[in-house]
file query_37.txt (compact mmCIF, N, CA and C atoms)
# COMPACT_ATOMS: atom_id res chain seq x y z
N MET J 1418 -42.63 -179.69 38.43
CA MET J 1418 -43.07 -180.89 37.77
C MET J 1418 -41.89 -181.44 36.97
N ALA J 1419 -41.79 -182.75 36.90
CA ALA J 1419 -40.74 -183.38 36.11
C ALA J 1419 -41.38 -184.32 35.10
N MET J 1420 -40.76 -184.43 33.95
CA MET J 1420 -41.24 -185.39 32.97
C MET J 1420 -40.02 -186.07 32.35
N PHE J 1421 -40.24 -187.26 31.85
CA PHE J 1421 -39.13 -187.93 31.19
C PHE J 1421 -39.67 -188.96 30.24
N TRP J 1422 -38.78 -189.40 29.37
CA TRP J 1422 -39.20 -190.33 28.34
C TRP J 1422 -38.01 -191.17 27.90
N PRO J 1423 -38.28 -192.40 27.43
CA PRO J 1423 -37.19 -193.22 26.89
C PRO J 1423 -36.86 -192.77 25.47
N LEU J 1424 -35.63 -192.97 25.09
CA LEU J 1424 -35.21 -192.59 23.75
C LEU J 1424 -35.50 -193.69 22.72
N TYR J 1425 -36.05 -194.82 23.16
CA TYR J 1425 -36.33 -195.93 22.26
C TYR J 1425 -37.80 -196.03 21.93
N TRP J 1426 -38.55 -195.00 22.13
CA TRP J 1426 -39.97 -194.94 21.77
C TRP J 1426 -40.77 -196.09 22.38
N GLY J 1427 -40.40 -196.51 23.58
CA GLY J 1427 -41.20 -197.47 24.31
C GLY J 1427 -40.86 -198.93 24.09
N VAL J 1428 -39.89 -199.24 23.19
CA VAL J 1428 -39.51 -200.63 22.95
C VAL J 1428 -37.99 -200.71 22.88
N ALA J 1429 -37.42 -201.74 23.52
CA ALA J 1429 -35.99 -201.98 23.47
C ALA J 1429 -35.76 -203.48 23.53
N THR J 1430 -34.62 -203.93 23.02
CA THR J 1430 -34.29 -205.35 23.14
C THR J 1430 -33.66 -205.59 24.51
N THR J 1431 -33.62 -206.86 24.91
CA THR J 1431 -33.12 -207.21 26.24
C THR J 1431 -31.62 -207.05 26.38
N ASP J 1432 -30.92 -206.76 25.28
CA ASP J 1432 -29.46 -206.63 25.37
C ASP J 1432 -28.96 -205.21 25.08
N GLU J 1433 -29.84 -204.21 25.08
CA GLU J 1433 -29.40 -202.84 24.85
C GLU J 1433 -29.73 -201.97 26.06
N LEU J 1434 -28.91 -200.95 26.27
CA LEU J 1434 -29.19 -199.99 27.34
C LEU J 1434 -30.37 -199.12 26.95
N ILE J 1435 -31.13 -198.68 27.95
CA ILE J 1435 -32.29 -197.82 27.72
C ILE J 1435 -31.98 -196.46 28.34
N TYR J 1436 -31.98 -195.44 27.52
CA TYR J 1436 -31.64 -194.09 27.96
C TYR J 1436 -32.92 -193.28 28.17
N PHE J 1437 -33.00 -192.61 29.32
CA PHE J 1437 -34.11 -191.73 29.63
C PHE J 1437 -33.57 -190.32 29.81
N ASN J 1438 -34.34 -189.34 29.37
CA ASN J 1438 -34.03 -187.95 29.65
C ASN J 1438 -35.07 -187.44 30.62
N VAL J 1439 -34.62 -186.92 31.74
CA VAL J 1439 -35.52 -186.34 32.73
C VAL J 1439 -35.38 -184.83 32.63
N GLU J 1440 -36.50 -184.13 32.56
CA GLU J 1440 -36.47 -182.66 32.51
C GLU J 1440 -37.44 -182.09 33.52
N VAL J 1441 -37.04 -181.01 34.16
CA VAL J 1441 -37.93 -180.25 35.03
C VAL J 1441 -38.65 -179.27 34.12
N ILE J 1442 -39.98 -179.32 34.15
CA ILE J 1442 -40.76 -178.44 33.29
C ILE J 1442 -41.69 -177.57 34.12
N ASP J 1443 -42.10 -176.44 33.55
CA ASP J 1443 -43.03 -175.54 34.24
C ASP J 1443 -44.46 -175.88 33.85
N ALA J 1444 -45.41 -175.09 34.32
CA ALA J 1444 -46.83 -175.34 34.06
C ALA J 1444 -47.19 -175.27 32.58
N ASP J 1445 -46.35 -174.60 31.77
CA ASP J 1445 -46.58 -174.50 30.33
C ASP J 1445 -45.88 -175.60 29.55
N GLY J 1446 -45.24 -176.54 30.26
CA GLY J 1446 -44.55 -177.62 29.59
C GLY J 1446 -43.17 -177.26 29.07
N GLN J 1447 -42.62 -176.13 29.52
CA GLN J 1447 -41.30 -175.68 29.08
C GLN J 1447 -40.24 -176.10 30.10
N ARG J 1448 -39.09 -176.55 29.61
CA ARG J 1448 -38.00 -176.91 30.51
C ARG J 1448 -37.56 -175.69 31.30
N VAL J 1449 -37.28 -175.90 32.58
CA VAL J 1449 -36.79 -174.83 33.46
C VAL J 1449 -35.26 -174.92 33.44
N PRO J 1450 -34.60 -174.06 32.64
CA PRO J 1450 -33.16 -174.24 32.41
C PRO J 1450 -32.26 -173.98 33.61
N ASN J 1451 -32.74 -173.30 34.62
CA ASN J 1451 -31.90 -173.03 35.79
C ASN J 1451 -32.25 -173.95 36.97
N ALA J 1452 -33.07 -174.96 36.75
CA ALA J 1452 -33.50 -175.85 37.83
C ALA J 1452 -32.39 -176.80 38.26
N GLU J 1453 -32.10 -176.80 39.55
CA GLU J 1453 -31.22 -177.79 40.17
C GLU J 1453 -32.06 -178.47 41.24
N VAL J 1454 -32.67 -179.58 40.85
CA VAL J 1454 -33.65 -180.28 41.68
C VAL J 1454 -33.14 -181.68 41.99
N GLY J 1455 -33.29 -182.11 43.23
CA GLY J 1455 -32.93 -183.47 43.61
C GLY J 1455 -33.99 -184.45 43.15
N LEU J 1456 -33.57 -185.46 42.38
CA LEU J 1456 -34.48 -186.47 41.85
C LEU J 1456 -34.20 -187.82 42.50
N PHE J 1457 -35.25 -188.62 42.61
CA PHE J 1457 -35.16 -189.98 43.14
C PHE J 1457 -35.75 -190.92 42.10
N PHE J 1458 -35.13 -192.10 41.92
CA PHE J 1458 -35.54 -193.04 40.89
C PHE J 1458 -35.86 -194.40 41.48
N ARG J 1459 -36.81 -195.11 40.84
CA ARG J 1459 -37.14 -196.49 41.19
C ARG J 1459 -37.45 -197.24 39.90
N ILE J 1460 -36.92 -198.45 39.79
CA ILE J 1460 -37.15 -199.30 38.62
C ILE J 1460 -37.97 -200.51 39.05
N ASP J 1461 -39.02 -200.82 38.31
CA ASP J 1461 -39.81 -202.03 38.51
C ASP J 1461 -39.75 -202.83 37.21
N GLY J 1462 -39.56 -204.12 37.33
CA GLY J 1462 -39.50 -204.98 36.15
C GLY J 1462 -38.09 -205.47 35.90
N PRO J 1463 -37.86 -206.11 34.74
CA PRO J 1463 -36.58 -206.74 34.44
C PRO J 1463 -35.50 -205.77 33.98
N GLY J 1464 -35.15 -204.83 34.84
CA GLY J 1464 -34.10 -203.87 34.54
C GLY J 1464 -33.43 -203.39 35.81
N VAL J 1465 -32.20 -202.95 35.69
CA VAL J 1465 -31.45 -202.39 36.82
C VAL J 1465 -30.83 -201.07 36.39
N GLN J 1466 -30.53 -200.25 37.34
CA GLN J 1466 -29.91 -198.96 37.04
C GLN J 1466 -28.49 -199.19 36.56
N ALA J 1467 -28.18 -198.66 35.38
CA ALA J 1467 -26.81 -198.68 34.88
C ALA J 1467 -26.07 -197.43 35.34
N ALA J 1468 -26.75 -196.27 35.27
CA ALA J 1468 -26.14 -195.02 35.70
C ALA J 1468 -27.20 -193.93 35.78
N VAL J 1469 -26.96 -192.99 36.67
CA VAL J 1469 -27.75 -191.76 36.72
C VAL J 1469 -26.74 -190.62 36.73
N LEU J 1470 -27.02 -189.60 35.93
CA LEU J 1470 -26.05 -188.53 35.73
C LEU J 1470 -26.69 -187.18 35.98
N SER J 1471 -25.89 -186.22 36.40
CA SER J 1471 -26.43 -184.87 36.52
C SER J 1471 -25.91 -184.00 35.38
N GLY J 1472 -24.74 -184.30 34.87
CA GLY J 1472 -24.15 -183.47 33.82
C GLY J 1472 -23.46 -182.23 34.36
N HIS J 1473 -23.56 -181.99 35.65
CA HIS J 1473 -22.95 -180.80 36.25
C HIS J 1473 -21.43 -181.01 36.32
N PRO J 1474 -20.64 -180.13 35.71
CA PRO J 1474 -19.20 -180.34 35.67
C PRO J 1474 -18.50 -180.20 37.03
N ALA J 1475 -19.12 -179.54 37.99
CA ALA J 1475 -18.48 -179.33 39.29
C ALA J 1475 -19.07 -180.19 40.39
N ARG J 1476 -20.05 -180.99 40.09
CA ARG J 1476 -20.71 -181.80 41.11
C ARG J 1476 -20.36 -183.26 40.91
N MET J 1477 -19.75 -183.86 41.92
CA MET J 1477 -19.40 -185.27 41.85
C MET J 1477 -20.43 -186.07 42.63
N GLU J 1478 -21.38 -186.66 41.91
CA GLU J 1478 -22.39 -187.51 42.52
C GLU J 1478 -22.16 -188.94 42.06
N SER J 1479 -22.60 -189.87 42.88
CA SER J 1479 -22.46 -191.28 42.55
C SER J 1479 -23.31 -191.62 41.33
N PHE J 1480 -22.74 -192.40 40.41
CA PHE J 1480 -23.50 -192.88 39.26
C PHE J 1480 -24.37 -194.07 39.62
N THR J 1481 -24.10 -194.69 40.78
CA THR J 1481 -24.77 -195.94 41.14
C THR J 1481 -25.93 -195.77 42.12
N GLN J 1482 -26.08 -194.62 42.72
CA GLN J 1482 -27.19 -194.39 43.65
C GLN J 1482 -28.42 -193.94 42.86
N PRO J 1483 -29.62 -194.27 43.33
CA PRO J 1483 -30.84 -193.89 42.59
C PRO J 1483 -31.28 -192.45 42.85
N VAL J 1484 -30.31 -191.54 42.93
CA VAL J 1484 -30.60 -190.13 43.16
C VAL J 1484 -29.72 -189.29 42.25
N SER J 1485 -30.18 -188.09 41.93
CA SER J 1485 -29.42 -187.19 41.07
C SER J 1485 -29.93 -185.77 41.29
N THR J 1486 -29.09 -184.81 40.95
CA THR J 1486 -29.50 -183.42 40.94
C THR J 1486 -29.47 -182.95 39.49
N THR J 1487 -30.55 -182.34 39.04
CA THR J 1487 -30.58 -181.88 37.66
C THR J 1487 -29.58 -180.76 37.43
N PHE J 1488 -29.11 -180.66 36.21
CA PHE J 1488 -28.23 -179.58 35.78
C PHE J 1488 -28.88 -178.95 34.56
N LYS J 1489 -29.13 -177.64 34.66
CA LYS J 1489 -29.86 -176.93 33.61
C LYS J 1489 -31.21 -177.59 33.32
N GLY J 1490 -31.82 -178.12 34.40
CA GLY J 1490 -33.14 -178.70 34.29
C GLY J 1490 -33.19 -180.10 33.73
N ARG J 1491 -32.03 -180.76 33.59
CA ARG J 1491 -31.99 -182.10 32.98
C ARG J 1491 -31.16 -183.07 33.80
N SER J 1492 -31.50 -184.36 33.64
CA SER J 1492 -30.71 -185.43 34.24
C SER J 1492 -30.93 -186.71 33.44
N PRO J 1493 -29.89 -187.26 32.83
CA PRO J 1493 -30.03 -188.54 32.13
C PRO J 1493 -30.08 -189.70 33.11
N PHE J 1494 -30.78 -190.76 32.73
CA PHE J 1494 -30.90 -191.97 33.55
C PHE J 1494 -30.82 -193.15 32.60
N ILE J 1495 -30.00 -194.15 32.94
CA ILE J 1495 -29.76 -195.28 32.05
C ILE J 1495 -30.12 -196.57 32.77
N VAL J 1496 -30.90 -197.43 32.07
CA VAL J 1496 -31.33 -198.72 32.61
C VAL J 1496 -30.69 -199.83 31.79
N ARG J 1497 -30.23 -200.87 32.48
CA ARG J 1497 -29.70 -202.07 31.83
C ARG J 1497 -30.71 -203.20 32.02
N PRO J 1498 -31.25 -203.75 30.93
CA PRO J 1498 -32.16 -204.90 31.05
C PRO J 1498 -31.44 -206.09 31.66
N THR J 1499 -32.19 -206.93 32.38
CA THR J 1499 -31.60 -208.12 33.00
C THR J 1499 -31.58 -209.32 32.06
N GLY J 1500 -32.09 -209.17 30.84
CA GLY J 1500 -32.09 -210.26 29.87
C GLY J 1500 -33.44 -210.91 29.69
N GLN J 1501 -34.42 -210.51 30.47
CA GLN J 1501 -35.77 -211.08 30.37
C GLN J 1501 -36.68 -210.13 29.60
N LYS J 1502 -37.66 -210.71 28.92
CA LYS J 1502 -38.68 -209.90 28.27
C LYS J 1502 -39.63 -209.36 29.33
N GLY J 1503 -40.34 -208.30 29.00
CA GLY J 1503 -41.33 -207.75 29.92
C GLY J 1503 -41.30 -206.24 29.90
N GLN J 1504 -42.00 -205.65 30.85
CA GLN J 1504 -42.06 -204.19 30.94
C GLN J 1504 -41.16 -203.69 32.06
N VAL J 1505 -40.39 -202.66 31.72
CA VAL J 1505 -39.58 -201.96 32.71
C VAL J 1505 -40.26 -200.62 32.95
N ASN J 1506 -40.61 -200.37 34.19
CA ASN J 1506 -41.25 -199.11 34.56
C ASN J 1506 -40.26 -198.33 35.42
N VAL J 1507 -39.97 -197.10 35.02
CA VAL J 1507 -39.08 -196.23 35.77
C VAL J 1507 -39.89 -195.08 36.34
N ASN J 1508 -39.82 -194.92 37.65
CA ASN J 1508 -40.49 -193.82 38.35
C ASN J 1508 -39.44 -192.82 38.79
N VAL J 1509 -39.79 -191.54 38.67
CA VAL J 1509 -38.91 -190.48 39.16
C VAL J 1509 -39.77 -189.48 39.93
N TRP J 1510 -39.23 -188.98 41.03
CA TRP J 1510 -39.96 -187.99 41.81
C TRP J 1510 -38.98 -187.02 42.45
N ALA J 1511 -39.52 -185.89 42.82
CA ALA J 1511 -38.75 -184.85 43.49
C ALA J 1511 -39.64 -184.23 44.55
N ASP J 1512 -39.05 -183.89 45.68
CA ASP J 1512 -39.81 -183.23 46.74
C ASP J 1512 -40.46 -181.97 46.19
N GLY J 1513 -41.75 -181.85 46.37
CA GLY J 1513 -42.49 -180.68 45.95
C GLY J 1513 -42.89 -180.68 44.48
N LEU J 1514 -42.40 -181.63 43.69
CA LEU J 1514 -42.73 -181.65 42.26
C LEU J 1514 -43.57 -182.85 41.85
N GLY J 1515 -43.75 -183.80 42.73
CA GLY J 1515 -44.57 -184.96 42.40
C GLY J 1515 -43.77 -186.08 41.77
N GLU J 1516 -44.50 -187.03 41.19
CA GLU J 1516 -43.91 -188.24 40.62
C GLU J 1516 -44.44 -188.47 39.21
N THR J 1517 -43.60 -189.04 38.36
CA THR J 1517 -44.01 -189.42 37.02
C THR J 1517 -43.30 -190.72 36.67
N SER J 1518 -43.72 -191.36 35.60
CA SER J 1518 -43.10 -192.63 35.22
C SER J 1518 -43.11 -192.80 33.72
N ALA J 1519 -42.29 -193.72 33.27
CA ALA J 1519 -42.24 -194.11 31.86
C ALA J 1519 -42.04 -195.62 31.81
N THR J 1520 -42.61 -196.25 30.79
CA THR J 1520 -42.53 -197.70 30.64
C THR J 1520 -41.92 -198.04 29.29
N VAL J 1521 -41.03 -199.03 29.31
CA VAL J 1521 -40.42 -199.55 28.09
C VAL J 1521 -40.72 -201.04 28.02
N GLN J 1522 -41.18 -201.51 26.87
CA GLN J 1522 -41.42 -202.93 26.64
C GLN J 1522 -40.13 -203.56 26.14
N LEU J 1523 -39.65 -204.59 26.84
CA LEU J 1523 -38.44 -205.29 26.43
C LEU J 1523 -38.80 -206.49 25.57
N ILE J 1524 -38.14 -206.61 24.42
CA ILE J 1524 -38.34 -207.72 23.50
C ILE J 1524 -37.01 -208.43 23.31
N GLN J 1525 -37.04 -209.66 22.81
CA GLN J 1525 -35.81 -210.44 22.65
C GLN J 1525 -34.99 -210.00 21.45
N SER J 1526 -35.65 -209.63 20.35
CA SER J 1526 -34.90 -209.30 19.14
C SER J 1526 -35.60 -208.19 18.38
N LEU J 1527 -34.87 -207.62 17.44
CA LEU J 1527 -35.44 -206.56 16.62
C LEU J 1527 -36.60 -207.06 15.76
N ASN J 1528 -36.66 -208.34 15.50
CA ASN J 1528 -37.75 -208.90 14.69
C ASN J 1528 -39.10 -208.74 15.38
N GLU J 1529 -39.11 -208.60 16.69
CA GLU J 1529 -40.35 -208.42 17.44
C GLU J 1529 -40.80 -206.96 17.48
N ARG J 1530 -39.92 -206.04 17.08
CA ARG J 1530 -40.22 -204.62 17.16
C ARG J 1530 -41.27 -204.27 16.12
N LYS J 1531 -42.33 -203.60 16.58
CA LYS J 1531 -43.38 -203.14 15.68
C LYS J 1531 -43.14 -201.67 15.38
N LEU J 1532 -43.04 -201.34 14.13
CA LEU J 1532 -42.77 -199.95 13.75
C LEU J 1532 -44.04 -199.20 13.49

call {"tool": "encode", "arguments": {"input": "query_37.txt", "output": "structure tokens"}}
result
Amino acid sequence: MAMFWPLYWGVATTDELIYFNVEVIDADGQRVPNAEVGLFFRIDGPGVQAAVLSGHPARMESFTQPVSTTFKGRSPFIVRPTGQKGQVNVNVWADGLGETSATVQLIQSLNERKL
């Protein structure tokens, strides 16, 4: 199973990058630190992939392809908003582990952010 979440607590402005942490977790919700799992990503809404990383020091994977292999059970994923307000939904899946998603609401300015 994989889970991930945005680091902006669900809201970001249209001019900032949105960072996601993807983790492979077990049935108890604990990260699997030795997991090297191939992940696939899809973005829906006003955002594009800025980069996907594995963090593995010996593995050279493309930062621009919507795929990654986790390192120590983790893989960062970065989305660049296209400048429009709306919801960006990021889906991630792995063969045999299923699919999950996270949504970030894009706003024009910090004045719109509800704390």

call {"tool": "closest_residue", "arguments": {"input": "query_37.txt", "among": "J:Ala1429, J:Ile1524, J:Val1484, J:Ile1442", "to": "Gly1503 in chain J", "atoms": "only N, CA and C atoms"}}
result
J:Ile1524

call {"tool": "atom_distance", "arguments": {"input": "query_37.txt", "atom1": "CA of Gly1500 in chain J", "atom2": "CA of Ala1468 in chain J"}}
result
17.4 Å

call {"tool": "residues_around", "arguments": {"input": "query_37.txt", "residues": "Val1509 in chain J", "least_positions_apart": "6", "cutoff": "7 Å", "atoms": "only N, CA and C atoms", "output": "list in words"}}
result
Leu1456, Phe1457, Phe1458, Arg1459, Gly1515, Glu1516, Thr1517, Ser1518 and Ala1519 of chain J

call {"tool": "closest_residue", "arguments": {"input": "query_37.txt", "among": "J:Pro1474, J:Pro1483, J:Gly1490, J:Gly1462", "to": "Pro1450 in chain J", "atoms": "only N, CA and C atoms"}}
result
J:Gly1490

call {"tool": "select_by_dssp", "arguments": {"input": "query_37.txt", "residues": "range 1419-1531 of chain J", "states": "strand (DSSP E)", "output": "MDAnalysis selection string"}}
result
chainID J and resid 1419:1423 1428:1430 1435:1441 1455:1461 1464:1469 1484:1486 1491:1498 1503:1511 1515:1524

call {"tool": "closest_residue", "arguments": {"input": "query_37.txt", "among": "J:Lys1489, J:Asp1432, J:Pro1498, J:Ser1471", "to": "Val1449 in chain J", "atoms": "only C-alpha atoms"}}
result
J:Lys1489

call {"tool": "residues_around", "arguments": {"input": "query_37.txt", "residues": "Phe1488 in chain J", "least_positions_apart": "2", "cutoff": "10 Å", "atoms": "only C-alpha atoms", "output": "list in words"}}
result
Glu1440, Val1441, Pro1450, Asn1451, Ala1452, Glu1453, Val1454, Gly1455, Leu1470, Ser1471, Gly1472, His1473, Pro1474, Arg1476, Ser1485, Thr1486, Gly1490, Arg1491, Ser1492 and Pro1493 of chain J

call {"tool": "write_last_selection", "arguments": {"input": "query_37.txt", "atoms": "N, CA and C atoms", "output": "PDB file, in the coordinates of the input"}}
result
ATOM      1  N   GLU J1440     -36.500-184.130  32.560  1.00  0.00           N
ATOM      2  CA  GLU J1440     -36.470-182.660  32.510  1.00  0.00           C
ATOM      3  C   GLU J1440     -37.440-182.090  33.520  1.00  0.00           C
ATOM      4  N   VAL J1441     -37.040-181.010  34.160  1.00  0.00           N
ATOM      5  CA  VAL J1441     -37.930-180.250  35.030  1.00  0.00           C
ATOM      6  C   VAL J1441     -38.650-179.270  34.120  1.00  0.00           C
ATOM      7  N   PRO J1450     -34.600-174.060  32.640  1.00  0.00           N
ATOM      8  CA  PRO J1450     -33.160-174.240  32.410  1.00  0.00           C
ATOM      9  C   PRO J1450     -32.260-173.980  33.610  1.00  0.00           C
ATOM     10  N   ASN J1451     -32.740-173.300  34.620  1.00  0.00           N
ATOM     11  CA  ASN J1451     -31.900-173.030  35.790  1.00  0.00           C
ATOM     12  C   ASN J1451     -32.250-173.950  36.970  1.00  0.00           C
ATOM     13  N   ALA J1452     -33.070-174.960  36.750  1.00  0.00           N
ATOM     14  CA  ALA J1452     -33.500-175.850  37.830  1.00  0.00           C
ATOM     15  C   ALA J1452     -32.390-176.800  38.260  1.00  0.00           C
ATOM     16  N   GLU J1453     -32.100-176.800  39.550  1.00  0.00           N
ATOM     17  CA  GLU J1453     -31.220-177.790  40.170  1.00  0.00           C
ATOM     18  C   GLU J1453     -32.060-178.470  41.240  1.00  0.00           C
ATOM     19  N   VAL J1454     -32.670-179.580  40.850  1.00  0.00           N
ATOM     20  CA  VAL J1454     -33.650-180.280  41.680  1.00  0.00           C
ATOM     21  C   VAL J1454     -33.140-181.680  41.990  1.00  0.00           C
ATOM     22  N   GLY J1455     -33.290-182.110  43.230  1.00  0.00           N
ATOM     23  CA  GLY J1455     -32.930-183.470  43.610  1.00  0.00           C
ATOM     24  C   GLY J1455     -33.990-184.450  43.150  1.00  0.00           C
ATOM     25  N   LEU J1470     -27.020-189.600  35.930  1.00  0.00           N
ATOM     26  CA  LEU J1470     -26.050-188.530  35.730  1.00  0.00           C
ATOM     27  C   LEU J1470     -26.690-187.180  35.980  1.00  0.00           C
ATOM     28  N   SER J1471     -25.890-186.220  36.400  1.00  0.00           N
ATOM     29  CA  SER J1471     -26.430-184.870  36.520  1.00  0.00           C
ATOM     30  C   SER J1471     -25.910-184.000  35.380  1.00  0.00           C
ATOM     31  N   GLY J1472     -24.740-184.300  34.870  1.00  0.00           N
ATOM     32  CA  GLY J1472     -24.150-183.470  33.820  1.00  0.00           C
ATOM     33  C   GLY J1472     -23.460-182.230  34.360  1.00  0.00           C
ATOM     34  N   HIS J1473     -23.560-181.990  35.650  1.00  0.00           N
ATOM     35  CA  HIS J1473     -22.950-180.800  36.250  1.00  0.00           C
ATOM     36  C   HIS J1473     -21.430-181.010  36.320  1.00  0.00           C
ATOM     37  N   PRO J1474     -20.640-180.130  35.710  1.00  0.00           N
ATOM     38  CA  PRO J1474     -19.200-180.340  35.670  1.00  0.00           C
ATOM     39  C   PRO J1474     -18.500-180.200  37.030  1.00  0.00           C
ATOM     40  N   ARG J1476     -20.050-180.990  40.090  1.00  0.00           N
ATOM     41  CA  ARG J1476     -20.710-181.800  41.110  1.00  0.00           C
ATOM     42  C   ARG J1476     -20.360-183.260  40.910  1.00  0.00           C
ATOM     43  N   SER J1485     -30.180-188.090  41.930  1.00  0.00           N
ATOM     44  CA  SER J1485     -29.420-187.190  41.070  1.00  0.00           C
ATOM     45  C   SER J1485     -29.930-185.770  41.290  1.00  0.00           C
ATOM     46  N   THR J1486     -29.090-184.810  40.950  1.00  0.00           N
ATOM     47  CA  THR J1486     -29.500-183.420  40.940  1.00  0.00           C
ATOM     48  C   THR J1486     -29.470-182.950  39.490  1.00  0.00           C
ATOM     49  N   GLY J1490     -31.820-178.120  34.400  1.00  0.00           N
ATOM     50  CA  GLY J1490     -33.140-178.700  34.290  1.00  0.00           C
ATOM     51  C   GLY J1490     -33.190-180.100  33.730  1.00  0.00           C
ATOM     52  N   ARG J1491     -32.030-180.760  33.590  1.00  0.00           N
ATOM     53  CA  ARG J1491     -31.990-182.100  32.980  1.00  0.00           C
ATOM     54  C   ARG J1491     -31.160-183.070  33.800  1.00  0.00           C
ATOM     55  N   SER J1492     -31.500-184.360  33.640  1.00  0.00           N
ATOM     56  CA  SER J1492     -30.710-185.430  34.240  1.00  0.00           C
ATOM     57  C   SER J1492     -30.930-186.710  33.440  1.00  0.00           C
ATOM     58  N   PRO J1493     -29.890-187.260  32.830  1.00  0.00           N
ATOM     59  CA  PRO J1493     -30.030-188.540  32.130  1.00  0.00           C
ATOM     60  C   PRO J1493     -30.080-189.700  33.110  1.00  0.00           C
TER      61      PRO J1493
END

call {"tool": "closest_residue", "arguments": {"input": "query_37.txt", "among": "J:Val1521, J:Ile1460, J:Met1477, J:Ile1495", "to": "Asn1438 in chain J", "atoms": "all atoms listed in the file"}}
result
J:Ile1495

call {"tool": "residues_near_point", "arguments": {"input": "query_37.txt", "point": "(-30.1, -199.0, 34.9)", "cutoff": "5 Å", "atoms": "only N, CA and C atoms", "output": "list of chain:residue names"}}
result
J:Val1465, J:Gln1466, J:Ala1467, J:Ala1468, J:Ile1495, J:Val1496, J:Arg1497

call {"tool": "residues_near_point", "arguments": {"input": "query_37.txt", "point": "(-41.3, -206.4, 30.4)", "cutoff": "8 Å", "atoms": "all atoms listed in the file", "output": "PyMOL selection string"}}
result
chain J and resi 1461-1464+1501-1506+1521-1524

call {"tool": "atom_distance", "arguments": {"input": "query_37.txt", "atom1": "CA of Leu1434 in chain J", "atom2": "CA of Phe1494 in chain J"}}
result
10.3 Å

call {"tool": "atom_distance", "arguments": {"input": "query_37.txt", "atom1": "CA of Leu1514 in chain J", "atom2": "CA of Phe1437 in chain J"}}
result
18.3 Å
